[in-house]
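Structure file entry21.tsv; described as TSV, C-alpha atoms.
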chain	number	residue	atom	x	y	z
A	170	MET	CA	-3.68	-79.84	-1.98
A	171	ARG	CA	-5.39	-79.39	1.38
A	172	THR	CA	-2.07	-78.31	2.91
A	173	LEU	CA	-1.60	-75.74	0.12
A	174	TRP	CA	-5.03	-74.19	0.76
A	175	LEU	CA	-4.30	-74.10	4.48
A	176	ALA	CA	-1.00	-72.34	3.84
A	177	ILE	CA	-2.68	-69.71	1.63
A	178	ALA	CA	-5.43	-69.13	4.17
A	179	LEU	CA	-2.95	-68.65	6.98
A	180	THR	CA	-0.49	-66.43	5.16
A	181	SER	CA	-2.95	-64.12	3.36
A	182	PRO	CA	-3.59	-61.90	6.45
A	183	VAL	CA	0.15	-61.36	6.75
A	184	ALA	CA	0.30	-60.31	3.11
A	185	LEU	CA	-2.59	-57.91	3.63
A	186	VAL	CA	-0.97	-56.36	6.69
A	187	SER	CA	2.38	-55.97	4.96
A	188	CYS	CA	0.65	-54.19	2.07
A	189	GLY	CA	-0.75	-51.61	4.48
A	190	ASN	CA	-4.37	-52.63	3.99
A	191	PRO	CA	-6.49	-49.88	5.60
A	192	ALA	CA	-8.98	-52.52	6.78
A	193	THR	CA	-6.61	-53.25	9.68
A	194	VAL	CA	-7.46	-49.83	11.22
A	195	THR	CA	-11.13	-48.96	11.29
A	196	THR	CA	-11.22	-46.58	14.27
A	197	PRO	CA	-12.33	-43.13	13.05
A	198	ALA	CA	-9.92	-40.32	13.77
A	199	PRO	CA	-10.86	-38.13	16.72
A	200	PRO	CA	-11.49	-34.43	16.01
A	201	ASN	CA	-8.53	-32.11	15.74
A	202	SER	CA	-7.36	-30.35	18.88
A	203	ALA	CA	-8.72	-26.87	19.63
A	204	GLN	CA	-5.29	-25.44	18.82
A	205	THR	CA	-5.21	-27.10	15.40
A	206	GLN	CA	-8.77	-25.99	14.68
A	207	THR	CA	-7.84	-22.43	15.66
A	208	LEU	CA	-4.82	-22.48	13.36
A	209	ASN	CA	-6.95	-23.80	10.49
A	210	ALA	CA	-9.55	-21.10	11.13
A	211	THR	CA	-6.79	-18.47	11.22
A	212	LYS	CA	-5.62	-19.65	7.78
A	213	ALA	CA	-9.20	-19.55	6.52
A	214	LEU	CA	-9.54	-16.03	7.96
A	215	ALA	CA	-6.40	-14.91	6.08
A	216	ASP	CA	-7.98	-16.28	2.88
A	217	ALA	CA	-11.32	-14.58	3.67
A	218	ILE	CA	-9.66	-11.19	4.29
A	219	ASN	CA	-7.67	-11.62	1.07
A	220	GLY	CA	-10.85	-12.54	-0.80
A	221	ALA	CA	-12.84	-9.59	0.59
A	222	VAL	CA	-10.10	-7.07	-0.22
A	223	LYS	CA	-9.62	-8.42	-3.75
A	224	ALA	CA	-13.38	-8.49	-4.29
A	225	ALA	CA	-13.62	-4.83	-3.24
A	226	VAL	CA	-10.72	-3.81	-5.48
A	227	ASN	CA	-12.09	-5.74	-8.48
A	228	LEU	CA	-15.65	-4.47	-7.98
A	229	ASN	CA	-14.27	-0.93	-7.71
A	230	ALA	CA	-12.32	-1.42	-10.95
A	231	GLN	CA	-15.56	-2.49	-12.63
A	232	GLY	CA	-17.37	0.57	-11.28
A	233	ILE	CA	-19.72	-1.56	-9.18
A	234	VAL	CA	-18.44	-0.47	-5.77
A	235	SER	CA	-17.61	3.14	-4.93
A	236	GLU	CA	-14.13	4.32	-4.06
A	237	GLY	CA	-15.41	5.24	-0.60
A	238	ASP	CA	-16.66	1.72	0.13
A	239	THR	CA	-13.49	0.21	-1.32
A	240	ARG	CA	-11.39	2.43	0.94
A	241	THR	CA	-13.49	1.29	3.90
A	242	VAL	CA	-12.79	-2.38	3.06
A	243	VAL	CA	-9.13	-1.71	2.30
A	244	ASN	CA	-8.60	0.10	5.63
A	245	TRP	CA	-10.33	-2.73	7.44
A	246	GLY	CA	-8.18	-5.22	5.50
A	247	LYS	CA	-5.02	-3.57	6.83
A	248	SER	CA	-6.06	-3.92	10.47
A	249	ALA	CA	-7.56	-7.40	9.92
A	250	THR	CA	-4.31	-8.76	8.40
A	251	VAL	CA	-2.35	-7.37	11.37
A	252	LEU	CA	-4.76	-9.14	13.73
A	253	ASP	CA	-4.58	-12.39	11.74
A	254	ASP	CA	-0.78	-12.23	11.68
A	255	GLN	CA	-0.74	-11.69	15.45
A	256	ILE	CA	-2.90	-14.77	16.00
A	257	ALA	CA	-0.79	-16.88	13.66
A	258	THR	CA	2.45	-15.75	15.31
A	259	GLU	CA	1.02	-16.56	18.73
A	260	LEU	CA	-0.10	-20.02	17.58
A	261	GLY	CA	3.42	-20.66	16.29
A	262	SER	CA	5.02	-19.49	19.53
A	263	ALA	CA	6.33	-21.68	22.33
A	264	ASP	CA	3.62	-20.43	24.70
A	265	THR	CA	1.32	-23.00	26.25
A	266	TRP	CA	-2.18	-23.34	24.77
A	267	THR	CA	-3.59	-21.64	27.88
A	268	VAL	CA	-1.37	-18.59	27.37
A	269	GLN	CA	-2.01	-18.58	23.61
A	270	LYS	CA	-5.76	-18.54	24.24
A	271	GLN	CA	-5.48	-15.54	26.58
A	272	LYS	CA	-3.39	-13.56	24.08
A	273	ILE	CA	-5.70	-14.42	21.17
A	274	VAL	CA	-8.81	-13.40	23.14
A	275	ALA	CA	-7.14	-10.04	23.84
A	276	SER	CA	-6.26	-9.59	20.14
A	277	LEU	CA	-9.78	-10.46	18.98
A	278	SER	CA	-11.38	-7.83	21.19
A	279	GLY	CA	-10.39	-5.18	18.64
A	280	PHE	CA	-11.96	-6.92	15.63
A	281	LYS	CA	-14.74	-4.97	13.93
A	282	LEU	CA	-16.44	-5.56	10.60
A	283	PRO	CA	-16.89	-2.61	8.22
A	284	VAL	CA	-20.39	-1.71	7.12
A	285	VAL	CA	-20.60	-1.85	3.34
A	286	THR	CA	-24.13	-2.10	2.04
A	287	SER	CA	-23.56	-1.22	-1.61
A	288	ASN	CA	-22.85	-4.79	-2.77
A	289	THR	CA	-24.21	-8.10	-1.51
A	290	ALA	CA	-21.22	-10.15	-2.75
A	291	LEU	CA	-18.87	-7.90	-0.82
A	292	GLN	CA	-21.11	-8.10	2.23
A	293	ALA	CA	-21.03	-11.90	2.01
A	294	ALA	CA	-17.23	-11.91	1.76
A	295	LEU	CA	-16.97	-9.72	4.86
A	296	GLN	CA	-19.55	-11.81	6.69
A	297	GLN	CA	-17.41	-14.90	6.06
A	298	ALA	CA	-14.51	-13.19	7.83
A	299	LEU	CA	-16.76	-12.47	10.80
A	300	THR	CA	-17.92	-16.10	10.93
A	301	LEU	CA	-14.29	-17.26	11.05
A	302	VAL	CA	-13.44	-14.77	13.80
A	303	GLN	CA	-16.40	-16.16	15.77
A	304	GLN	CA	-15.05	-19.69	15.22
A	305	ILE	CA	-11.64	-18.66	16.56
A	306	GLN	CA	-13.32	-16.85	19.46
A	307	SER	CA	-15.29	-19.98	20.29
A	308	GLN	CA	-12.13	-22.13	20.32
A	309	VAL	CA	-10.11	-19.80	22.52
A	310	THR	CA	-12.85	-19.14	25.06
A	311	GLN	CA	-13.39	-22.85	25.78
A	312	PRO	CA	-11.90	-24.03	29.09
B	216	MET	CA	6.07	-74.05	2.54
B	217	THR	CA	6.91	-76.25	5.48
B	218	PRO	CA	4.69	-76.64	8.53
B	219	ALA	CA	7.45	-75.03	10.62
B	220	ILE	CA	7.28	-71.79	8.60
B	221	ILE	CA	3.49	-71.74	8.87
B	222	GLN	CA	3.75	-72.18	12.61
B	223	LEU	CA	6.24	-69.34	12.78
B	224	ILE	CA	3.91	-67.03	10.83
B	225	ILE	CA	0.98	-67.99	13.05
B	226	ALA	CA	3.12	-67.27	16.07
B	227	LEU	CA	4.31	-63.90	14.79
B	228	GLU	CA	1.19	-62.61	13.03
B	229	PRO	CA	-0.87	-61.57	16.11
B	230	ALA	CA	2.05	-59.58	17.45
B	231	ALA	CA	2.62	-57.88	14.08
B	232	VAL	CA	-1.03	-56.95	13.70
B	233	SER	CA	-1.29	-55.51	17.21
B	234	LEU	CA	1.97	-53.62	16.74
B	235	ILE	CA	0.72	-52.02	13.53
B	236	LYS	CA	-2.58	-51.16	15.22
B	237	ASP	CA	-0.70	-49.59	18.14
B	238	ILE	CA	1.37	-47.40	15.82
B	239	ALA	CA	-1.71	-46.36	13.82
B	240	SER	CA	-3.72	-45.56	16.95
B	241	LEU	CA	-0.79	-43.54	18.32
B	242	PHE	CA	-0.96	-41.23	15.30
B	243	LYS	CA	-4.76	-41.13	15.31
B	244	ALA	CA	-4.92	-40.28	19.01
B	245	HIS	CA	-2.74	-37.21	18.48
B	246	PRO	CA	-4.13	-35.41	15.44
B	247	GLN	CA	-2.43	-32.19	16.47
B	248	LEU	CA	-0.02	-30.84	13.93
B	249	THR	CA	3.69	-31.38	14.43
B	250	PRO	CA	5.82	-28.25	15.14
B	251	ASP	CA	7.07	-28.30	11.53
B	252	MET	CA	3.51	-28.46	10.20
B	253	ILE	CA	2.44	-25.62	12.51
B	254	MET	CA	5.29	-23.40	11.33
B	255	ALA	CA	4.53	-24.21	7.69
B	256	LEU	CA	0.90	-23.19	8.21
B	257	VAL	CA	1.91	-20.04	10.12
B	258	ASN	CA	4.24	-19.07	7.26
B	259	THR	CA	1.43	-19.66	4.74
B	260	ILE	CA	-0.85	-17.36	6.78
B	261	HIS	CA	1.83	-14.64	6.83
B	262	ALA	CA	2.30	-15.03	3.06
B	263	THR	CA	-1.45	-14.71	2.42
B	264	ASN	CA	-1.62	-11.60	4.60
B	265	ALA	CA	1.43	-10.14	2.81
B	266	ASP	CA	-0.37	-10.70	-0.49
B	267	THR	CA	-3.44	-8.89	0.90
B	268	LEU	CA	-1.30	-5.94	2.00
B	269	ALA	CA	0.40	-5.83	-1.42
B	270	THR	CA	-3.05	-5.68	-3.09
B	271	ILE	CA	-4.03	-2.86	-0.73
B	272	ALA	CA	-0.79	-0.95	-1.37
B	273	ALA	CA	-1.28	-1.23	-5.14
B	274	TRP	CA	-4.88	0.00	-4.91
B	275	GLU	CA	-3.94	2.88	-2.61
B	276	ALA	CA	-1.12	3.90	-4.96
B	277	ALA	CA	-3.63	4.07	-7.79
B	278	HIS	CA	-6.20	5.88	-5.62
B	279	PRO	CA	-4.34	8.40	-3.47
B	280	THR	CA	-6.39	10.28	-0.91
B	281	ALA	CA	-6.92	13.96	-1.71
Before we go any further, please render this structure as structure tokens.
Amino acid sequence: MRTLWLAIALTSPVALVSCGNPATVTTPAPPNSAQTQTLNATKALADAINGAVKAAVNLNAQGIVSEGDTRTVVNWGKSATVLDDQIATELGSADTWTVQKQKIVASLSGFKLPVVTSNTALQAALQQALTLVQQIQSQVTQP
Amino acid sequence: MTPAIIQLIIALEPAAVSLIKDIASLFKAHPQLTPDMIMALVNTIHATNADTLATIAAWEAAHPTA
């Protein structure tokens, strides 16, 4: 009986390891690389631009936002998607991270946020896009 | 279970555990996306932007400038 208990005690760690027990690895994952964070922020920016444009179009359809303000957001949306596509294409290129950063910094220099004061929800959606651009800017200007 | 098998497990177990830890730490030390994952994300971004442009085109078609 004592031998049986000893056998169970000795073999149970092996069973746990073979079952992929997460307790065997407790080291927390390090943060994502700057490049990965930039790519994630670029995806979030695409979503934010999409959200802002759709919000403007929907609010215009409901008569809440004027056609003039909607056109302002829509025109901005066209240039912002081109910028976001440029960043994404660069991040998917074979360039080194150093070169990618330089090209992205150059692309971001042309980013401007439209001024739309007629609706706070729309303002918030646009502000989110600006926050994400600032995040990308922060990643690509780090040494 | 014979004592010989137990001894074999005891002999092998430390190596197995450290090997698994090495493999896990290798992945955790390099959280960057793989090239395939990067391209998948890049394509998703392009698709989202294409959807935005399609929304804009539809709105502009319904609201032509004078």
Query raised in the report: Between A:Ala225, A:Thr258, A:Leu252, A:Ala217, which is the closest to chain B once you count only C-alpha atoms?
Result: A:Thr258
Query - CA of Ser278 (chain A) to CA of Ser307 (chain A), straight-line distance in Å - result: 12.8 Å
Requested in this report: Give me the residues within 7 Å of region 240-245 of chain A as a VMD selection string, counting only C-alpha atoms and dropping any in the same chain fewer than 2 places off.
Outcome: (chain A and resid 222 225 236 to 238 247 to 249 283) or (chain B and resid 271)
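Atom to atom, CA of Ile260 (chain B) and CA of Ala215 (chain A) stand 6.1 Å apart.
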Report task. Mind checking which residues fall within 12 Å of Ala262 (chain B), counting all atoms listed in the file, ignoring those fewer than 2 positions away in the same chain, and posting them as a ChimeraX atom specification? Result -> /A:212,215-216,219,250,253-254,257 /B:255-260,264-269
Convert the current residue selection to file output with C-alpha atoms, as a PDB file, keeping the file's coordinate frame.
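Final output, result.pdb:
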ATOM      1  CA  LYS A 212      -5.620 -19.650   7.780  1.00  0.00           C
ATOM      2  CA  ALA A 215      -6.400 -14.910   6.080  1.00  0.00           C
ATOM      3  CA  ASP A 216      -7.980 -16.280   2.880  1.00  0.00           C
ATOM      4  CA  ASN A 219      -7.670 -11.620   1.070  1.00  0.00           C
ATOM      5  CA  THR A 250      -4.310  -8.760   8.400  1.00  0.00           C
ATOM      6  CA  ASP A 253      -4.580 -12.390  11.740  1.00  0.00           C
ATOM      7  CA  ASP A 254      -0.780 -12.230  11.680  1.00  0.00           C
ATOM      8  CA  ALA A 257      -0.790 -16.880  13.660  1.00  0.00           C
TER       9      ALA A 257
ATOM     10  CA  ALA B 255       4.530 -24.210   7.690  1.00  0.00           C
ATOM     11  CA  LEU B 256       0.900 -23.190   8.210  1.00  0.00           C
ATOM     12  CA  VAL B 257       1.910 -20.040  10.120  1.00  0.00           C
ATOM     13  CA  ASN B 258       4.240 -19.070   7.260  1.00  0.00           C
ATOM     14  CA  THR B 259       1.430 -19.660   4.740  1.00  0.00           C
ATOM     15  CA  ILE B 260      -0.850 -17.360   6.780  1.00  0.00           C
ATOM     16  CA  ASN B 264      -1.620 -11.600   4.600  1.00  0.00           C
ATOM     17  CA  ALA B 265       1.430 -10.140   2.810  1.00  0.00           C
ATOM     18  CA  ASP B 266      -0.370 -10.700  -0.490  1.00  0.00           C
ATOM     19  CA  THR B 267      -3.440  -8.890   0.900  1.00  0.00           C
ATOM     20  CA  LEU B 268      -1.300  -5.940   2.000  1.00  0.00           C
ATOM     21  CA  ALA B 269       0.400  -5.830  -1.420  1.00  0.00           C
TER      22      ALA B 269
END
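Atom pair CA of Gln204 (chain A) / CA of Leu260 (chain A): separated by 7.6 Å.
In this comparison, which uses only C-alpha atoms, the residue of B:Ala219, B:Met254, B:Ala226, B:Ala273 approaching chain A most closely is B:Met254.
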Query raised in the report: In terms of the shortest atom-to-atom distance over only C-alpha atoms, which of A:Val234, A:Ala294, A:Ile256, A:Val285 is closest to chain B?
Result: A:Ile256
Output region 250-278 of chain B with N, CA and C atoms present, as a short mmCIF file (atom, residue, chain, number, x, y, z; two decimals), in the coordinates of the input.
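Okay, result.cif is ready:
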data_model
loop_
_atom_site.label_atom_id
_atom_site.label_comp_id
_atom_site.auth_asym_id
_atom_site.auth_seq_id
_atom_site.Cartn_x
_atom_site.Cartn_y
_atom_site.Cartn_z
N PRO B 250 5.27 -29.62 15.16
CA PRO B 250 5.82 -28.25 15.14
C PRO B 250 6.18 -27.79 13.73
N ASP B 251 6.72 -28.68 12.92
CA ASP B 251 7.07 -28.30 11.53
C ASP B 251 5.82 -27.94 10.73
N MET B 252 4.77 -28.73 10.93
CA MET B 252 3.51 -28.46 10.20
C MET B 252 2.89 -27.16 10.66
N ILE B 253 2.98 -26.88 11.97
CA ILE B 253 2.44 -25.62 12.51
C ILE B 253 3.18 -24.44 11.89
N MET B 254 4.51 -24.53 11.87
CA MET B 254 5.29 -23.40 11.33
C MET B 254 5.02 -23.22 9.83
N ALA B 255 4.83 -24.31 9.12
CA ALA B 255 4.53 -24.21 7.69
C ALA B 255 3.19 -23.49 7.48
N LEU B 256 2.22 -23.82 8.32
CA LEU B 256 0.90 -23.19 8.21
C LEU B 256 0.97 -21.71 8.62
N VAL B 257 1.73 -21.43 9.67
CA VAL B 257 1.91 -20.04 10.12
C VAL B 257 2.55 -19.22 9.01
N ASN B 258 3.57 -19.78 8.36
CA ASN B 258 4.24 -19.07 7.26
C ASN B 258 3.28 -18.85 6.08
N THR B 259 2.42 -19.81 5.82
CA THR B 259 1.43 -19.66 4.74
C THR B 259 0.46 -18.52 5.07
N ILE B 260 0.06 -18.45 6.34
CA ILE B 260 -0.85 -17.36 6.78
C ILE B 260 -0.17 -16.01 6.57
N HIS B 261 1.09 -15.91 7.00
CA HIS B 261 1.83 -14.64 6.83
C HIS B 261 1.94 -14.28 5.34
N ALA B 262 2.16 -15.29 4.50
CA ALA B 262 2.30 -15.03 3.06
C ALA B 262 0.98 -14.54 2.46
N THR B 263 -0.13 -15.14 2.90
CA THR B 263 -1.45 -14.71 2.42
C THR B 263 -1.72 -13.27 2.84
N ASN B 264 -1.39 -12.96 4.11
CA ASN B 264 -1.62 -11.60 4.60
C ASN B 264 -0.70 -10.60 3.88
N ALA B 265 0.51 -11.02 3.55
CA ALA B 265 1.43 -10.14 2.81
C ALA B 265 0.87 -9.86 1.42
N ASP B 266 0.27 -10.87 0.83
CA ASP B 266 -0.37 -10.70 -0.49
C ASP B 266 -1.54 -9.71 -0.40
N THR B 267 -2.31 -9.82 0.69
CA THR B 267 -3.44 -8.89 0.90
C THR B 267 -2.91 -7.46 1.01
N LEU B 268 -1.86 -7.28 1.81
CA LEU B 268 -1.30 -5.94 2.00
C LEU B 268 -0.71 -5.39 0.70
N ALA B 269 -0.15 -6.27 -0.13
CA ALA B 269 0.40 -5.83 -1.42
C ALA B 269 -0.74 -5.36 -2.33
N THR B 270 -1.87 -6.08 -2.29
CA THR B 270 -3.05 -5.68 -3.09
C THR B 270 -3.54 -4.31 -2.62
N ILE B 271 -3.57 -4.14 -1.30
CA ILE B 271 -4.03 -2.86 -0.73
C ILE B 271 -3.09 -1.73 -1.13
N ALA B 272 -1.79 -1.99 -1.03
CA ALA B 272 -0.79 -0.95 -1.37
C ALA B 272 -0.93 -0.54 -2.84
N ALA B 273 -1.14 -1.53 -3.71
CA ALA B 273 -1.28 -1.23 -5.14
C ALA B 273 -2.53 -0.39 -5.39
N TRP B 274 -3.63 -0.75 -4.72
CA TRP B 274 -4.88 0.00 -4.91
C TRP B 274 -4.74 1.42 -4.37
N GLU B 275 -4.11 1.55 -3.20
CA GLU B 275 -3.94 2.88 -2.61
C GLU B 275 -3.02 3.76 -3.46
N ALA B 276 -2.02 3.13 -4.09
CA ALA B 276 -1.12 3.90 -4.96
C ALA B 276 -1.88 4.44 -6.17
N ALA B 277 -2.84 3.64 -6.62
CA ALA B 277 -3.63 4.07 -7.79
C ALA B 277 -4.77 5.01 -7.40
N HIS B 278 -5.10 5.04 -6.10
CA HIS B 278 -6.20 5.88 -5.62
C HIS B 278 -5.74 6.69 -4.42
#
